[in-house]
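Single-structure report; data block below.
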Amino acid sequence: MFSSTRFYKIIFISAIGLVALFTVIFISLSVIRSKQKPNLTDSVDSATKISRTSAPKFKKIRLYFVSPETSELVAEERDIELSKDYIESIKKALNKLIEGSATGLLNPIPRDITLREVFFEEKPGCVYVDFSETLSKSHPGGATGELLTIQSIIKTLQANFSEIQKVQILIDGKDVNTIAGHIDISQPLSTE
């Protein structure tokens with residue numbers, strides 16, 4: 001006759017054996033399934049997911065140009081493709097500003113300038129925008145024209161990037177006193 005302890009040992013060992021057997025079967029089935037080719041609906045679903053995530057995302061921004069009627073800065077809305085990189089987004093906005101208006105507004109920024117680089121200091125919220133020397137050399141001059149150029153750059157940045165508190169305009173990698181001899185840009189500026 002079996003003792004009750006021996007009976008429980010046999011049941012316990014049998015239960016462990018069954019668990020081990022089911023584990024081996026489950027792992028084997030998982031390996032076989034992973035090696036099979038996906039069916040057509042799986043491929044379509046994964047392609048749809050990829051195309052949705054890789055589709056470009058756009059943001060409406062405001063660029064500031066001069067109204068020919070009032071000679072004041074007015075906003076023109078434009079779509080830009082978003083970038084995960086904050087600096088790249090700033091560059092895209094400034095390059096759209098440099099390209100000029102799509103609605104016939106006047107661009108206070110001289111033609112043929114290039115944006116050399118952008119730097120951002122998060123603590124004071126200051127962005128440094130470095131333009132080619134053409135900004136200074138090709139500027140038509142005049143205090144009003146120079147002021148509109150500066151305000152166009154600053155307003156465009158501050159309207160679209162809430163982290164920016166001040167803007168320092170650099171020319172050819174250097175701090176300069178003015179763009180065309182009238183308005184002091186030797187320090188970071190703000191329109192507020």
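Each chain in the structure tokens gets a letter, A, B and so on, in the order shown; residues start at 1 in every chain, and ligands are counted from 1 in the order they appear.
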What are the closest atom pairs, with distances in Å to one decimal, for each residue of segment 66-85 of chain A lying within 12 Å of segment 98-117 of chain A, using only C-alpha atoms, rows by chain and rising residue number, as JSON lines?
```
{"residue": "A:Val66", "atom": "CA", "partner": "A:Leu106", "partner_atom": "CA", "distance": 4.9}
{"residue": "A:Ser67", "atom": "CA", "partner": "A:Leu105", "partner_atom": "CA", "distance": 5.4}
{"residue": "A:Pro68", "atom": "CA", "partner": "A:Leu105", "partner_atom": "CA", "distance": 6.4}
{"residue": "A:Glu69", "atom": "CA", "partner": "A:Leu105", "partner_atom": "CA", "distance": 9.4}
{"residue": "A:Thr70", "atom": "CA", "partner": "A:Leu105", "partner_atom": "CA", "distance": 10.8}
{"residue": "A:Ser71", "atom": "CA", "partner": "A:Leu106", "partner_atom": "CA", "distance": 8.8}
{"residue": "A:Glu72", "atom": "CA", "partner": "A:Leu106", "partner_atom": "CA", "distance": 9.9}
{"residue": "A:Leu73", "atom": "CA", "partner": "A:Pro108", "partner_atom": "CA", "distance": 9.2}
{"residue": "A:Val74", "atom": "CA", "partner": "A:Leu105", "partner_atom": "CA", "distance": 8.4}
{"residue": "A:Ala75", "atom": "CA", "partner": "A:Leu105", "partner_atom": "CA", "distance": 9.5}
{"residue": "A:Glu76", "atom": "CA", "partner": "A:Ser101", "partner_atom": "CA", "distance": 7.4}
{"residue": "A:Glu77", "atom": "CA", "partner": "A:Ala102", "partner_atom": "CA", "distance": 9.4}
{"residue": "A:Arg78", "atom": "CA", "partner": "A:Ala102", "partner_atom": "CA", "distance": 8.7}
{"residue": "A:Asp79", "atom": "CA", "partner": "A:Ala102", "partner_atom": "CA", "distance": 11.6}
```
